[in-house]
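Okay, structure first, notes after.
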Amino acid sequence: MAAILFDGIVQGLQLSLLAVGITLIFGLGGVLNLAHGQFAVVGGVAAALFLQLGLNPFLAALGGIAGAGVLGVVVDRTLLLPAYRYRGEERLLLGLILTLGLSFVIDGYLNYQFPEFSLTFQLPLAMVEVGGIAMRTASLAASLIAVVIFAGLFAFLRWTLLGKCIRSIIENEVGAELCGIDPSRTRTLIVCLAAMMAGVAGVTQGLFSSLGTEMGPEFTILGLLVAVVGGVRSINGTLAAGILLGIVNAFASHYVGAYVAYIILLSAAMATILVRPAGLLARFT
Amino acid sequence: MKNYKDLAILALVLALVPALTGGSPYYMRLATLALVYMAWTVAFNLIFGHTKQLFLCLGALAGSAAYMTVVLTKQLELSPWVTVPIGMATATALGALFSYVSVLRGLGIIFLGIVTLAFSLIFHNLVLGLRQFTNGETGLVTRGLGFPLLEQPMSSYYLFLAVLLIALAVYYILMASRMGMAVRALSDDELTAELSGIDVTWYKVLAAAVGSAILGLVGALYGFYNGIVSPSVFSFVSVDIPVLIALLLGGMRTRLGPIVGAAAFALIEELVRPFGQLNVLVYGILLIVLFVAFREGLVPMLRKTLKLALP
């Protein structure tokens, strides 16, 4: 039981890491990023390329994350420009189609260029015992990284001026602009940050098992589900929803099998959209 | 009657296509597939073009009809004359349900997109999970189950042509009726349409139901024609994306747009076939370029540049 619960939390943190990027880009840019999972894969592929160059694994991982960030900036400054010209529903639709197209471009290119690709990091110590449960060091390390990132993100949004600017744009873009905040520069920063967080999720996937080029759509879908269940504008909600869905998924796949577990997750997301379109924790943020 | 002149011309042109292929089975198959996608695009034009309901579950709707039909034919040994309408009714009910729920809950375009995308994935996982009925990833062989007509290239081409023309005729009739006016009003501004006495819910659900019925009928027949129904035949990448691209390419809210777009897409796909796996990349580039630079589509562009009175 405890092992399944722990497994669920670890998975959930990874999901939240992906989903919070989707939440941030949606909140700030008004674009639902359907290429978010592909950002994670690009981060992993970049890390693997750095590893091939003979870099130390730690530096290679950092390089991969930076690579995902660079992709984020490029996408924000080129591909999404046409979408930012519009507001509201029109921007949503344009952003949806553009990022869907981008996800196909990245998937198609990576599957073609690196057909046999897989990224795996080996840690020196495979298992440790914590409180009587044997745990994989990989899971511990990945969770630790995720927790540190989330703590940093919350601190950044709460206490720095830039963080306050970001929250004000999420609340009301026009209002923030009237107060002298430049939404487009902040947007680039956030897309970069979100892409880097996706990159972290991609690289840590290499810690657990291995990362393949075909995993992008799966990452995107899972991230999207978590973001939607958590409320696409609420960061706390996304974190909570990620952990919740991670635990549900871990128990469901243990007791009823992977297909049914996935169907349960999807139905839960559909039900959330229909019952509480603003997300589970909508009232508390 | 002059409204239906272009339908007659189109029927004539499409009926002559088999003569051009010289009877080669390969080209006949391509032409038949193009007809299938044309019919699907006509349906999507009704759902997304006219009433702005972003259904990202076209493959799942067509696939649910196909699987329902084939599984019932296999398990209960019913005649396909009975099971095809059942499959079609399944797709219609599902499409109408999504539309009704989304209007009822006031879901925006994005949330309807996510709900239907989630349904696509649920369908895919159900097919993989219910192995005893669907045979999982391998799929079900449909040869010898359905209509013998659908096992010869020439007769199946004309059967699909007939289905496409019926779908187009239904579309023309609906658009010439009260519904056409209502739909034009509500695609401009739903609130204003509602205020001027148009039953927005009813027309949106009707458009979704008719569109889903076309998707389901063609999906079920395509399952028999294809010789196999499998998850990959009705996947997101093999149905939803081509149909979306075809609609954008041809031009939304036009009569000929879906036909021209699906034909152009079939041509493009044939051209990139030699590059193998890169076709996904080409789809992506097409989506981006079409949506950024070419949002009107081919038919409105031809209207403007050549001053043609295209419908």
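The way I read the labels, and the way they are meant: chains A, B, ... in the order of the structure tokens, residue 1 as the first residue of every chain, and ligand 1 as the first ligand shown, with later ones counted on from there.
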Residues within 9 Å of A:Pro183, only C-alpha atoms, excluding chain neighbours under 2 positions, as a PyMOL selection string = chain A and resi 28-29+165-166+169+173-174+176-177+181+185-188
Could you write out, as a list in words, all the residues of stretch 51-246 of chain B that DSSP marks as strand (DSSP E or B)?
->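 Strand (DSSP E or B) members of stretch 51-246 of chain B, listed: Leu140, Val141, Ile228 and Val229 of chain B.
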File dump, residues just selected, C-alpha atoms, as a PDB file, in the first residue's frame:
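And here is the file that came out, again07.pdb:
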```pdb
ATOM      1  CA  LEU B 140     -10.949  -7.378 -37.014  1.00  0.00           C
ATOM      2  CA  VAL B 141     -10.973  -8.725 -40.539  1.00  0.00           C
ATOM      3  CA  ILE B 228      -9.960  -4.529 -41.591  1.00  0.00           C
ATOM      4  CA  VAL B 229     -11.004  -2.290 -38.709  1.00  0.00           C
TER       5      VAL B 229
END
```
Each chain B residue no farther than 7 Å from chain A, nearest pair in Å, only C-alpha atoms, as CSV:
```
residue,atom,partner,partner_atom,distance
B:Arg105,CA,A:Leu274,CA,6.6
B:Val115,CA,A:Met270,CA,5.6
B:Ala118,CA,A:Leu266,CA,5.8
B:Ile122,CA,A:Ile263,CA,5.5
B:Asn125,CA,A:Tyr259,CA,5.8
B:Gly129,CA,A:Tyr259,CA,5.8
B:Gln277,CA,A:Tyr112,CA,6.3
B:Leu278,CA,A:Gly108,CA,5.6
B:Val280,CA,A:Gly108,CA,5.0
B:Leu281,CA,A:Val105,CA,4.2
B:Tyr283,CA,A:Phe104,CA,6.9
B:Gly284,CA,A:Gly101,CA,3.9
B:Ile285,CA,A:Gly101,CA,6.3
B:Leu287,CA,A:Gly101,CA,5.3
B:Ile288,CA,A:Leu98,CA,5.3
B:Val292,CA,A:Pro82,CA,6.8
```
All residues 10 Å or closer to A:Leu51, only C-alpha atoms, same chain fewer than 4 positions away omitted, as a PyMOL selection string = chain A and resi 45-47+55-61+63-64+119+121
Step one, run DSSP on the backbone; step two, keep only residues of stretch 14-262 of chain A assigned to alpha helix (DSSP H); then write them as an MDAnalysis selection string.
-> chainID A and resid 14:29 36:52 57:77 81:84 88:113 137:159 161:171 173:178 183:208 216:230 235:255 258:262
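Shortest atom-to-atom contact with A:Thr23 among A:Arg77, A:Lys164, A:His36, A:Arg91: A:His36, counting only C-alpha atoms.
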Which polymer residues have any atom within 7 Å of an atom of stretch 48-57 of chain B, counting only C-alpha atoms, with same-chain residues fewer than 4 positions away left out, as a ChimeraX atom specification?
-> /B:44,61,109,112-113,116-117,119-120,183,187,204,240,252-253
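You can rank A:Ser209, A:Thr78, A:Ser16, A:Thr204 by their closest distance to A:Ile145 using only C-alpha atoms, and at the top of that list sits A:Thr204.
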May I have the residues within 9 Å of A:Thr213 as a PyMOL selection string, using only C-alpha atoms and disregarding those fewer than 3 positions away in the same chain?
-> chain A and resi 38+41-42+44-45+107+110-111+114-118+216
May I have the selected residues written with N, CA and C atoms, as a PDB file, in the first residue's frame?
```pdb
ATOM      1  N   GLN A  38       6.081  17.557 -26.175  1.00  0.00           N
ATOM      2  CA  GLN A  38       7.197  17.544 -27.122  1.00  0.00           C
ATOM      3  C   GLN A  38       8.361  18.377 -26.589  1.00  0.00           C
ATOM      4  N   VAL A  41      10.271  16.068 -24.490  1.00  0.00           N
ATOM      5  CA  VAL A  41      11.062  15.128 -25.280  1.00  0.00           C
ATOM      6  C   VAL A  41      12.284  15.817 -25.865  1.00  0.00           C
ATOM      7  N   VAL A  42      12.100  17.064 -26.343  1.00  0.00           N
ATOM      8  CA  VAL A  42      13.238  17.792 -26.897  1.00  0.00           C
ATOM      9  C   VAL A  42      14.308  17.977 -25.821  1.00  0.00           C
ATOM     10  N   GLY A  44      14.916  16.010 -23.311  1.00  0.00           N
ATOM     11  CA  GLY A  44      15.587  14.723 -23.137  1.00  0.00           C
ATOM     12  C   GLY A  44      16.549  14.419 -24.269  1.00  0.00           C
ATOM     13  N   VAL A  45      16.118  14.700 -25.499  1.00  0.00           N
ATOM     14  CA  VAL A  45      16.978  14.424 -26.658  1.00  0.00           C
ATOM     15  C   VAL A  45      18.233  15.291 -26.588  1.00  0.00           C
ATOM     16  N   ASP A 107       7.394  15.871 -33.482  1.00  0.00           N
ATOM     17  CA  ASP A 107       7.289  14.412 -33.464  1.00  0.00           C
ATOM     18  C   ASP A 107       7.832  13.800 -34.745  1.00  0.00           C
ATOM     19  N   LEU A 110      11.705  14.219 -34.977  1.00  0.00           N
ATOM     20  CA  LEU A 110      12.483  13.408 -34.037  1.00  0.00           C
ATOM     21  C   LEU A 110      12.370  11.919 -34.360  1.00  0.00           C
ATOM     22  N   ASN A 111      11.152  11.476 -34.717  1.00  0.00           N
ATOM     23  CA  ASN A 111      11.003  10.054 -35.043  1.00  0.00           C
ATOM     24  C   ASN A 111      11.801   9.685 -36.276  1.00  0.00           C
ATOM     25  N   PHE A 114      15.891  10.343 -35.051  1.00  0.00           N
ATOM     26  CA  PHE A 114      16.404   9.454 -33.994  1.00  0.00           C
ATOM     27  C   PHE A 114      15.441   8.290 -33.784  1.00  0.00           C
ATOM     28  N   PRO A 115      15.335   7.374 -34.760  1.00  0.00           N
ATOM     29  CA  PRO A 115      14.305   6.335 -34.632  1.00  0.00           C
ATOM     30  C   PRO A 115      14.520   5.381 -33.454  1.00  0.00           C
ATOM     31  N   GLU A 116      15.773   5.119 -33.100  1.00  0.00           N
ATOM     32  CA  GLU A 116      16.034   4.123 -32.061  1.00  0.00           C
ATOM     33  C   GLU A 116      16.409   4.778 -30.748  1.00  0.00           C
ATOM     34  N   PHE A 117      15.995   6.043 -30.584  1.00  0.00           N
ATOM     35  CA  PHE A 117      16.500   6.823 -29.468  1.00  0.00           C
ATOM     36  C   PHE A 117      15.943   6.350 -28.124  1.00  0.00           C
ATOM     37  N   SER A 118      16.806   6.320 -27.100  1.00  0.00           N
ATOM     38  CA  SER A 118      16.277   6.244 -25.742  1.00  0.00           C
ATOM     39  C   SER A 118      17.300   6.856 -24.788  1.00  0.00           C
ATOM     40  N   GLY A 216       6.090  12.001 -26.652  1.00  0.00           N
ATOM     41  CA  GLY A 216       5.583  13.364 -26.601  1.00  0.00           C
ATOM     42  C   GLY A 216       4.075  13.475 -26.458  1.00  0.00           C
TER      43      GLY A 216
END
```
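With only C-alpha atoms as the atoms that count, the minimum distance from A:Gly72 to the choices A:Ala227, A:Leu153, A:Ala198, A:Val20 is reached by A:Ala198.
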Got a sec: who's within 12 Å of stretch 149-162 of chain B, counting only C-alpha atoms, leaving out chain neighbours fewer than 6 positions off, as a PyMOL selection string?
-> chain B and resi 7+10-19+21-40+80+142-143+168-169+214+217-228+259
What's around A:Ile9 at 6 Å? Count only C-alpha atoms, leave out sequence neighbours fewer than 5 positions away in its own chain, and write the answer as a PDB file with C-alpha atoms, in the first residue's frame.
```
ATOM      1  CA  ILE A 243      -0.584  14.404  -7.150  1.00  0.00           C
ATOM      2  CA  GLY A 246      -0.863  10.286  -9.909  1.00  0.00           C
ATOM      3  CA  ILE A 247      -2.175   8.433  -6.869  1.00  0.00           C
TER       4      ILE A 247
END
```
Could you tell me how far atom CA of A:Ala241 lies from atom CA of A:Phe6, in Å and to one decimal?
->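 Interatomic distance here is 15.7 Å.
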